[in-house]
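The next block is work-v7.txt, given as compact mmCIF, C-alpha atoms.
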# COMPACT_ATOMS: atom_id res chain seq x y z
CA MET A 1 3.40 -122.66 -95.24
CA SER A 2 5.50 -125.76 -94.67
CA ALA A 3 5.60 -126.33 -98.43
CA ILE A 4 7.00 -122.86 -98.97
CA ASN A 5 9.62 -123.43 -96.27
CA ASN A 6 10.60 -126.72 -97.85
CA MET A 7 10.97 -125.02 -101.23
CA ARG A 8 13.20 -122.32 -99.72
CA ARG A 9 15.33 -124.98 -98.05
CA GLY A 10 15.73 -126.76 -101.39
CA LEU A 11 16.72 -123.59 -103.29
CA ALA A 12 19.34 -122.45 -100.77
CA PRO A 13 21.97 -125.09 -101.75
CA LEU A 14 21.36 -124.32 -105.44
CA ALA A 15 21.91 -120.57 -104.95
CA LEU A 16 25.08 -121.27 -103.02
CA ALA A 17 26.39 -123.48 -105.83
CA VAL A 18 25.67 -120.79 -108.44
CA ALA A 19 27.48 -118.13 -106.37
CA VAL A 20 30.54 -120.35 -105.97
CA ALA A 21 30.62 -121.05 -109.71
CA CYS A 22 30.44 -117.34 -110.52
CA ALA A 23 33.25 -116.56 -108.10
CA LEU A 24 35.43 -119.27 -109.62
CA GLY A 25 34.71 -117.93 -113.11
CA ALA A 26 35.70 -114.42 -112.10
CA CYS A 27 38.94 -115.69 -110.61
CA LYS A 28 39.79 -117.53 -113.82
CA LYS A 29 39.11 -114.38 -115.85
CA ASP A 30 41.44 -112.38 -113.59
CA GLU A 31 44.12 -115.04 -113.93
CA ALA A 32 43.71 -115.04 -117.71
CA ALA A 33 43.96 -111.26 -117.80
CA ALA A 34 47.08 -111.39 -115.62
CA ASP A 35 48.66 -114.01 -117.88
CA ALA A 36 47.72 -111.98 -120.98
CA GLY A 37 49.22 -108.76 -119.58
CA PRO A 38 52.90 -109.34 -120.44
CA ALA A 39 52.01 -111.09 -123.70
CA ALA A 40 49.76 -108.24 -124.76
CA ALA A 41 52.57 -105.79 -124.14
CA GLN A 42 54.80 -107.82 -126.45
CA GLN A 43 52.20 -107.88 -129.23
CA ALA A 44 52.44 -104.13 -129.89
CA PRO A 45 53.78 -103.64 -133.43
CA ALA A 46 57.51 -102.92 -133.46
CA PRO A 47 58.62 -99.68 -135.18
CA THR A 48 59.99 -100.02 -138.70
CA PRO A 49 62.30 -97.69 -140.65
CA GLU A 50 59.19 -96.45 -142.46
CA SER A 51 57.18 -95.74 -139.27
CA VAL A 52 59.84 -94.84 -136.68
CA VAL A 53 59.69 -91.09 -137.48
CA SER A 54 56.44 -89.73 -136.04
CA ALA A 55 53.76 -88.34 -138.35
CA THR A 56 53.98 -84.98 -136.55
CA VAL A 57 57.68 -84.70 -137.37
CA THR A 58 57.18 -85.85 -140.97
CA ALA A 59 54.56 -83.14 -141.51
CA MET A 60 57.01 -80.31 -140.67
CA SER A 61 58.62 -78.11 -143.31
CA PRO A 62 62.39 -78.27 -143.93
CA ASP A 63 62.94 -74.96 -142.10
CA GLN A 64 60.93 -76.18 -139.10
CA LEU A 65 62.83 -79.47 -139.06
CA ARG A 66 66.18 -77.67 -139.20
CA THR A 67 65.18 -75.39 -136.30
CA GLU A 68 63.76 -78.20 -134.15
CA ALA A 69 66.78 -80.44 -134.84
CA SER A 70 69.19 -77.73 -133.72
CA LYS A 71 67.09 -77.10 -130.60
CA ALA A 72 66.87 -80.82 -129.73
CA TYR A 73 70.62 -81.21 -130.24
CA GLY A 74 71.32 -78.29 -127.92
CA GLU A 75 68.99 -79.70 -125.24
CA ASN A 76 70.57 -83.20 -125.32
CA ARG A 77 67.54 -84.81 -126.96
CA LEU A 78 69.72 -86.75 -129.36
CA TYR A 79 67.58 -89.88 -129.87
CA ALA A 80 64.87 -89.66 -127.18
CA PRO A 81 62.07 -89.10 -126.31
CA ALA A 82 60.23 -90.65 -129.23
CA GLY A 83 58.78 -88.04 -131.56
CA ASN A 84 60.92 -85.19 -130.21
CA ASN A 85 64.60 -85.90 -130.80
CA ALA A 86 67.37 -84.79 -133.15
CA MET A 87 67.60 -88.16 -134.94
CA GLU A 88 63.96 -88.04 -136.09
CA TYR A 89 64.17 -84.38 -137.13
CA TYR A 90 67.33 -84.93 -139.17
CA LEU A 91 65.94 -88.12 -140.76
CA ALA A 92 62.78 -86.29 -141.84
CA LEU A 93 64.88 -83.39 -143.15
CA ARG A 94 67.03 -85.79 -145.18
CA ASP A 95 63.88 -87.38 -146.63
CA LYS A 96 62.68 -83.96 -147.79
CA GLN A 97 66.09 -82.65 -148.89
CA PRO A 98 68.46 -85.58 -149.65
CA ALA A 99 71.26 -83.18 -150.65
CA ASP A 100 71.28 -81.39 -147.26
CA ALA A 101 74.90 -81.84 -146.13
CA GLY A 102 74.18 -80.67 -142.59
CA ALA A 103 71.54 -83.38 -141.99
CA SER A 104 73.77 -86.15 -143.36
CA SER A 105 76.73 -84.99 -141.28
CA ALA A 106 74.62 -84.79 -138.09
CA LEU A 107 73.22 -88.30 -138.62
CA THR A 108 76.74 -89.65 -139.09
CA ASP A 109 77.74 -88.13 -135.74
CA LEU A 110 74.61 -89.38 -133.93
CA LEU A 111 74.68 -92.99 -135.15
CA PRO A 112 77.42 -94.28 -132.77
CA MET A 113 75.56 -92.81 -129.77
CA THR A 114 72.29 -94.43 -130.89
CA VAL A 115 74.03 -97.82 -131.19
CA ILE A 116 75.27 -97.53 -127.60
CA ALA A 117 71.78 -96.51 -126.42
CA THR A 118 70.29 -99.58 -128.15
CA GLU A 119 72.74 -101.87 -126.38
CA GLN A 120 71.87 -100.26 -123.05
CA GLY A 121 68.14 -100.67 -123.73
CA ILE A 122 68.71 -104.40 -124.34
CA ALA A 123 70.71 -104.66 -121.12
CA ARG A 124 67.85 -103.23 -119.02
CA GLU A 125 65.32 -105.37 -120.99
CA ASP A 126 63.57 -102.30 -122.40
CA PHE A 127 62.90 -104.05 -125.69
CA ALA A 128 60.28 -101.60 -126.97
CA ASP A 129 62.75 -98.72 -126.86
CA ALA A 130 65.60 -100.89 -128.15
CA LYS A 131 63.47 -101.77 -131.20
CA ARG A 132 62.67 -98.09 -131.75
CA LEU A 133 66.36 -97.15 -131.64
CA ALA A 134 67.28 -100.02 -133.97
CA ALA A 135 64.66 -98.77 -136.45
CA LEU A 136 66.22 -95.27 -136.28
CA ILE A 137 69.64 -96.76 -137.04
CA GLU A 138 68.25 -98.79 -139.96
CA LYS A 139 66.52 -95.72 -141.44
CA ALA A 140 69.70 -93.66 -141.10
CA ASP A 141 71.94 -96.39 -142.56
CA GLY A 142 70.42 -99.69 -143.66
CA GLN A 143 73.93 -101.16 -144.09
CA HIS A 144 75.25 -100.15 -140.66
CA PRO A 145 77.66 -102.88 -139.46
CA ALA A 146 76.10 -103.09 -135.97
CA LEU A 147 72.50 -103.45 -137.20
CA SER A 148 72.30 -107.24 -137.62
CA ARG A 149 74.05 -107.80 -134.28
CA LEU A 150 71.62 -105.49 -132.45
CA LYS A 151 68.56 -107.14 -134.00
CA ALA A 152 69.80 -110.61 -133.04
CA ALA A 153 70.55 -109.45 -129.48
CA ILE A 154 67.05 -107.94 -129.12
CA ALA A 155 65.39 -111.14 -130.37
CA SER A 156 67.39 -113.51 -128.16
CA SER A 157 67.17 -111.33 -125.03
CA GLU A 158 63.43 -110.82 -125.50
CA THR A 159 62.85 -114.57 -125.88
CA ALA A 160 64.78 -115.25 -122.66
CA ALA A 161 62.86 -112.55 -120.80
CA LEU A 162 59.51 -113.94 -121.95
CA ALA A 163 60.50 -117.42 -120.80
CA ARG A 164 61.55 -116.06 -117.43
CA ALA A 165 58.31 -114.11 -117.12
CA GLU A 166 56.33 -117.25 -117.93
CA ASN A 167 58.05 -119.06 -115.10
CA GLN A 168 57.50 -116.19 -112.67
CA LYS A 169 53.81 -115.78 -113.61
CA LEU A 170 53.57 -112.10 -112.73
CA THR A 171 50.12 -110.81 -111.89
CA ALA A 172 48.63 -107.91 -113.83
CA GLU A 173 49.37 -105.57 -110.92
CA GLU A 174 52.98 -106.73 -110.69
CA GLU A 175 53.46 -106.40 -114.44
CA ALA A 176 52.02 -102.88 -114.42
CA LYS A 177 54.37 -101.93 -111.60
CA ARG A 178 57.31 -103.43 -113.50
CA GLN A 179 56.43 -101.49 -116.63
CA GLU A 180 56.14 -98.27 -114.60
CA GLU A 181 59.56 -98.80 -113.03
CA LEU A 182 61.02 -99.66 -116.44
CA ALA A 183 59.67 -96.44 -117.98
CA LYS A 184 61.06 -94.38 -115.10
CA LYS A 185 64.49 -96.03 -115.38
CA ARG A 186 64.45 -95.56 -119.16
CA GLU A 187 63.81 -91.83 -118.79
CA GLU A 188 66.57 -91.43 -116.19
CA ASP A 189 69.08 -93.49 -118.17
CA GLN A 190 68.35 -91.74 -121.46
CA LYS A 191 68.78 -88.31 -119.90
CA LYS A 192 72.19 -89.24 -118.48
CA GLN A 193 73.27 -91.15 -121.59
CA GLN A 194 72.36 -88.38 -124.02
CA GLU A 195 74.18 -85.75 -121.98
CA ALA A 196 77.27 -87.96 -121.82
CA ALA A 197 76.96 -88.77 -125.52
CA LYS A 198 76.91 -85.10 -126.48
CA GLN A 199 79.99 -84.41 -124.34
CA GLN A 200 81.78 -87.38 -125.87
CA LEU A 201 80.85 -86.22 -129.36
CA ALA A 202 82.21 -82.75 -128.63
CA GLN A 203 85.49 -84.24 -127.35
CA GLN A 204 85.90 -86.59 -130.30
CA THR A 205 85.16 -84.01 -133.00
CA PRO A 206 86.08 -80.58 -131.58
CA ALA A 207 86.51 -79.14 -135.07
CA GLN A 208 83.02 -80.08 -136.25
CA PRO A 209 80.50 -77.22 -136.08
CA THR A 210 77.30 -77.70 -134.10
CA PRO A 211 73.93 -77.35 -135.88
CA ALA A 212 73.65 -73.82 -134.47
CA GLN A 213 77.11 -72.98 -135.83
CA GLN A 214 76.17 -74.49 -139.18
CA THR A 215 73.14 -72.21 -139.33
CA ALA A 216 75.32 -69.19 -138.52
CA ALA A 217 77.87 -70.30 -141.13
CA ALA A 218 75.11 -70.57 -143.72
CA ALA A 219 73.99 -67.02 -142.92
CA GLU A 220 77.58 -65.78 -143.16
CA ALA A 221 78.01 -67.60 -146.48
CA GLU A 222 74.91 -65.87 -147.81
CA ARG A 223 76.31 -62.51 -146.71
CA GLN A 224 79.62 -63.30 -148.41
CA ARG A 225 77.81 -64.30 -151.61
CA ALA A 226 75.89 -61.03 -151.63
CA ALA A 227 79.11 -59.05 -151.04
CA ALA A 228 80.89 -60.93 -153.83
CA ALA A 229 77.99 -60.33 -156.21
CA GLU A 230 78.09 -56.60 -155.44
CA ALA A 231 81.88 -56.52 -155.91
CA GLU A 232 81.51 -58.29 -159.25
CA ARG A 233 78.83 -55.82 -160.34
CA GLN A 234 81.10 -52.90 -159.47
CA ARG A 235 84.02 -54.54 -161.28
CA GLN A 236 81.95 -55.02 -164.42
CA ALA A 237 80.72 -51.44 -164.25
CA ALA A 238 84.30 -50.17 -163.90
CA ALA A 239 85.43 -52.37 -166.79
CA ALA A 240 82.61 -51.04 -168.97
CA ALA A 241 83.53 -47.45 -168.09
CA GLU A 242 87.18 -48.14 -168.86
CA GLN A 243 86.29 -49.71 -172.18
CA GLN A 244 84.18 -46.70 -173.08
CA ARG A 245 87.02 -44.35 -172.12
CA GLN A 246 89.46 -46.30 -174.28
CA GLN A 247 87.08 -46.20 -177.22
CA GLN A 248 86.73 -42.42 -176.85
CA ALA A 249 90.49 -42.04 -176.59
CA ALA A 250 91.01 -44.16 -179.70
CA ALA A 251 88.68 -41.89 -181.65
CA GLN A 252 90.91 -38.87 -180.89
CA PRO A 253 94.33 -38.21 -182.42
CA ALA A 254 96.91 -40.14 -180.47
CA ALA A 255 99.67 -38.21 -178.77
CA PRO A 256 103.23 -39.44 -178.91
CA ALA A 257 103.80 -42.02 -176.21
CA PRO A 258 106.79 -43.89 -174.89
CA ALA A 259 107.32 -47.46 -175.97
CA ARG A 260 105.80 -48.74 -172.72
CA ALA A 261 103.10 -46.84 -170.88
CA ALA A 262 103.37 -46.88 -167.17
CA SER A 263 100.69 -45.82 -164.71
CA SER A 264 100.26 -45.77 -160.96
CA GLU A 265 96.71 -47.15 -161.32
CA LEU A 266 96.52 -50.92 -160.82
CA ARG A 267 94.76 -52.67 -163.68
CA ALA A 268 94.52 -56.43 -163.56
CA ILE A 269 95.41 -58.40 -166.68
CA SER A 270 94.85 -61.82 -165.08
CA ASN A 271 93.46 -62.55 -161.61
CA PRO A 272 92.27 -66.16 -161.46
CA GLY A 273 90.23 -67.12 -158.40
CA PRO A 274 91.44 -69.43 -155.64
CA ARG A 275 90.83 -73.17 -155.48
CA TYR A 276 88.03 -74.03 -153.00
CA PRO A 277 89.36 -76.49 -150.34
CA GLN A 278 87.46 -79.78 -150.74
CA ALA A 279 86.93 -80.32 -147.00
CA ALA A 280 85.43 -76.84 -146.59
CA GLN A 281 83.27 -77.32 -149.66
CA ARG A 282 81.86 -80.60 -148.35
CA ALA A 283 81.09 -78.97 -145.01
CA GLY A 284 79.40 -76.00 -146.70
CA ALA A 285 81.87 -73.65 -144.97
CA ALA A 286 82.51 -70.13 -146.24
CA GLY A 287 85.14 -67.54 -145.39
CA SER A 288 87.42 -64.81 -146.68
CA VAL A 289 91.11 -63.83 -146.53
CA GLN A 290 92.56 -60.31 -146.74
CA VAL A 291 95.85 -60.48 -148.66
CA GLU A 292 98.56 -57.81 -148.94
CA PHE A 293 100.91 -57.89 -151.93
CA THR A 294 103.18 -55.71 -154.04
CA VAL A 295 102.67 -55.11 -157.75
CA ASN A 296 106.11 -54.65 -159.33
CA SER A 297 106.74 -52.17 -162.15
CA ASP A 298 106.49 -54.95 -164.73
CA GLY A 299 103.08 -56.00 -163.41
CA SER A 300 104.23 -59.14 -161.58
CA VAL A 301 103.20 -59.81 -157.96
CA GLY A 302 105.51 -60.25 -154.99
CA ASN A 303 105.69 -60.00 -151.17
CA VAL A 304 102.35 -61.82 -150.81
CA ARG A 305 101.09 -62.34 -147.24
CA ALA A 306 97.79 -62.97 -145.42
CA VAL A 307 96.73 -60.05 -143.23
CA SER A 308 93.55 -61.54 -141.73
CA SER A 309 90.96 -64.24 -142.35
CA ASP A 310 87.55 -65.28 -141.15
CA GLY A 311 85.29 -68.32 -141.38
CA PRO A 312 85.29 -71.63 -139.46
CA ARG A 313 88.53 -71.91 -137.53
CA GLN A 314 89.37 -75.39 -138.82
CA PHE A 315 89.35 -74.14 -142.43
CA GLN A 316 91.05 -70.75 -142.06
CA ARG A 317 94.57 -72.09 -142.69
CA GLU A 318 93.41 -73.80 -145.89
CA PHE A 319 91.63 -70.63 -147.03
CA GLU A 320 94.82 -68.61 -146.45
CA ARG A 321 96.99 -71.11 -148.34
CA GLU A 322 94.71 -71.15 -151.39
CA ALA A 323 94.27 -67.35 -151.35
CA LEU A 324 98.05 -66.76 -151.31
CA ALA A 325 98.56 -69.29 -154.11
CA ALA A 326 95.94 -67.55 -156.26
CA VAL A 327 97.32 -64.01 -155.74
CA LYS A 328 100.84 -65.12 -156.64
CA ARG A 329 99.50 -66.01 -160.10
CA TRP A 330 97.96 -62.56 -160.67
CA ARG A 331 99.35 -60.17 -163.28
CA PHE A 332 98.76 -56.42 -163.72
CA GLN A 333 99.54 -53.81 -166.35
CA PRO A 334 103.00 -52.26 -165.84
CA VAL A 335 103.08 -49.39 -163.35
CA ALA A 336 105.40 -46.42 -162.89
CA GLU A 337 106.65 -47.76 -159.57
CA ALA A 338 106.07 -50.76 -157.30
CA THR A 339 102.78 -50.44 -155.43
CA THR A 340 101.63 -52.32 -152.32
CA THR A 341 97.90 -52.96 -151.95
CA ARG A 342 95.39 -55.25 -150.24
CA ARG A 343 92.54 -57.36 -151.60
CA THR A 344 89.92 -59.60 -149.95
CA ILE A 345 89.54 -63.10 -151.38
CA ALA A 346 86.13 -64.71 -150.71
CA PHE A 347 85.42 -68.46 -150.47
CA GLN A 348 81.79 -69.37 -150.98
CA GLN A 349 79.65 -71.91 -152.76

Can you turn what I pasted into structure tokens?
Amino acid sequence: MSAINNMRRGLAPLALAVAVACALGACKKDEAAADAGPAAAQQAPAPTPESVVSATVTAMSPDQLRTEASKAYGENRLYAPAGNNAMEYYLALRDKQPADAGASSALTDLLPMTVIATEQGIAREDFADAKRLAALIEKADGQHPALSRLKAAIASSETAALARAENQKLTAEEEAKRQEELAKKREEDQKKQQEAAKQQLAQQTPAQPTPAQQTAAAAEAERQRAAAAEAERQRQAAAAAEQQRQQQAAAQPAAPAPARAASSELRAISNPGPRYPQAAQRAGAAGSVQVEFTVNSDGSVGNVRAVSSDGPRQFQREFEREALAAVKRWRFQPVAEATTTRRTIAFQQ
């Protein structure tokens, strides 16, 4: 019995030593995990111009991208949150349809706001989001003048923050809390910034149509094209009928006629179309102008004026000017007496 007691007394110190060693090992592991926390967060791969647009967005069709971009723009999701913002939708749309003028124009408008958002992300030390925004800028315009400055600012500010964090030795719990507060502040700042950015954009470019207006303009342009096609079909049919009538008349004995035939029916000899304003053409804008004019007895045109016009407001004056210039060049067959009439001039691509 005494031998057993002696053995127990001998093992007790050994068990105590093992327990202390295990406790010390666990503490070191916790400290290592705490030290690795901030570093691990920094090791996440930074977005690149090739990866910054989410796979979900890239998989959408052009029509879906156009709809979602317009919706995001209207809801002030200009460049955030990641994977659901106007910048990503327009970038994906441009990849699928490089000639889409609406996407290129929208990206040009959104770039200055994204640059400001990147600078603000650097200021609050939200380097992950700043890198994402910089990647969006680089994908939109790889030669943007602010790009190199933003990348250098991110690198230097991140290095300083890491050095400061090393000195502070935040625990894993403190780092998690800091990241949570940073994410909350990011969401609040982005919401305010994007709303202010949209208001600023509207003030700076009041004449530029919104994506929703561009969609409506495209629909109106399609309607105008269809109306013009129908008008051209009717004109050709009337010309064919007139040609047939003239052929039949030529086959019959001609009756004596005065030296110059005059008629009250207006028959165009030359009616060249208007010049399409370059600014409207680049913007994909369409419109029409109703013009009133007088055909003189010799077939010349006078008293030309614009009665009404439609289309984007910023282009209506140009449409009217070109329509009036075109009608003044028109010529008709001589008529018995001066006749005033109206015609609608369409502008469409």

For range 312-327 of chain A, please output as a PyMOL selection string all residues within 12 Å (counting all atoms listed in the file; exclusion window: fewer than 5 positions along the same chain). chain A and resi 205-210+213-214+216-218+220-221+268+270-295+300-307+332+341-348

Same residues, C-alpha atoms, output as a short mmCIF file (atom, residue, chain, number, x, y, z; two decimals), keeping the file's coordinate frame:
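Writing the result to selection.cif gives the following:
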data_model
loop_
_atom_site.label_atom_id
_atom_site.label_comp_id
_atom_site.auth_asym_id
_atom_site.auth_seq_id
_atom_site.Cartn_x
_atom_site.Cartn_y
_atom_site.Cartn_z
CA THR A 205 85.16 -84.01 -133.00
CA PRO A 206 86.08 -80.58 -131.58
CA ALA A 207 86.51 -79.14 -135.07
CA GLN A 208 83.02 -80.08 -136.25
CA PRO A 209 80.50 -77.22 -136.08
CA THR A 210 77.30 -77.70 -134.10
CA GLN A 213 77.11 -72.98 -135.83
CA GLN A 214 76.17 -74.49 -139.18
CA ALA A 216 75.32 -69.19 -138.52
CA ALA A 217 77.87 -70.30 -141.13
CA ALA A 218 75.11 -70.57 -143.72
CA GLU A 220 77.58 -65.78 -143.16
CA ALA A 221 78.01 -67.60 -146.48
CA ALA A 268 94.52 -56.43 -163.56
CA SER A 270 94.85 -61.82 -165.08
CA ASN A 271 93.46 -62.55 -161.61
CA PRO A 272 92.27 -66.16 -161.46
CA GLY A 273 90.23 -67.12 -158.40
CA PRO A 274 91.44 -69.43 -155.64
CA ARG A 275 90.83 -73.17 -155.48
CA TYR A 276 88.03 -74.03 -153.00
CA PRO A 277 89.36 -76.49 -150.34
CA GLN A 278 87.46 -79.78 -150.74
CA ALA A 279 86.93 -80.32 -147.00
CA ALA A 280 85.43 -76.84 -146.59
CA GLN A 281 83.27 -77.32 -149.66
CA ARG A 282 81.86 -80.60 -148.35
CA ALA A 283 81.09 -78.97 -145.01
CA GLY A 284 79.40 -76.00 -146.70
CA ALA A 285 81.87 -73.65 -144.97
CA ALA A 286 82.51 -70.13 -146.24
CA GLY A 287 85.14 -67.54 -145.39
CA SER A 288 87.42 -64.81 -146.68
CA VAL A 289 91.11 -63.83 -146.53
CA GLN A 290 92.56 -60.31 -146.74
CA VAL A 291 95.85 -60.48 -148.66
CA GLU A 292 98.56 -57.81 -148.94
CA PHE A 293 100.91 -57.89 -151.93
CA THR A 294 103.18 -55.71 -154.04
CA VAL A 295 102.67 -55.11 -157.75
CA SER A 300 104.23 -59.14 -161.58
CA VAL A 301 103.20 -59.81 -157.96
CA GLY A 302 105.51 -60.25 -154.99
CA ASN A 303 105.69 -60.00 -151.17
CA VAL A 304 102.35 -61.82 -150.81
CA ARG A 305 101.09 -62.34 -147.24
CA ALA A 306 97.79 -62.97 -145.42
CA VAL A 307 96.73 -60.05 -143.23
CA PHE A 332 98.76 -56.42 -163.72
CA THR A 341 97.90 -52.96 -151.95
CA ARG A 342 95.39 -55.25 -150.24
CA ARG A 343 92.54 -57.36 -151.60
CA THR A 344 89.92 -59.60 -149.95
CA ILE A 345 89.54 -63.10 -151.38
CA ALA A 346 86.13 -64.71 -150.71
CA PHE A 347 85.42 -68.46 -150.47
CA GLN A 348 81.79 -69.37 -150.98
#

Taking only C-alpha atoms into account, which of A:Glu50, A:Asp109, A:Glu88, A:Glu180 comes nearest Ala197 in chain A? A:Asp109

Kindly give the distance, in Å, that separates CA of Asp63 in chain A and CA of Ala99 in chain A, rounded to a single decimal. 14.5 Å

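If you look at CA of Ala183 in chain A and CA of Leu136 in chain A, they are 19.5 Å away from each other.
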
Interatomic distance between CA of Ser54 in chain A and CA of Ala161 in chain A?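 Between these atoms lies a distance of 28.2 Å.
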
Set the distance at 7 Å and use all atoms listed in the file: which residues neighbour Gln194 in chain A once local chain neighbours fewer than 2 positions away are removed? I'd like the list as a PyMOL selection string. chain A and resi 76-78+190-192+196-198

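Proximity to Ala160 in chain A was assessed for A:Tyr73, A:Ala128, A:Ile122, A:Ala146 counting only C-alpha atoms; the smallest distance is recorded for A:Ile122.
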
Between A:Ala135, A:Ala123, A:Ala72, A:Ala336, which residue has the minimum interatomic distance to Val52 in chain A, considering only C-alpha atoms? A:Ala135

Between A:Ala140, A:Gln236, A:Ser308, A:Glu174, which is the closest to Pro98 in chain A once you count only C-alpha atoms? A:Ala140

Residue among A:Glu125, A:Ala231, A:Ala165, A:Ala46 lying closest to Glu181 in chain A, counting all atoms listed in the file: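 Of A:Glu125, A:Ala231, A:Ala165, A:Ala46, the one nearest Glu181 in chain A is A:Glu125, counting all atoms listed in the file.
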
Between A:Pro62, A:Gly142, A:Gly299, A:Gly311, which one has atoms that come closest to Gln97 in chain A, using all atoms listed in the file?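 When distances to Gln97 in chain A are compared using all atoms listed in the file, the smallest one comes from A:Pro62.
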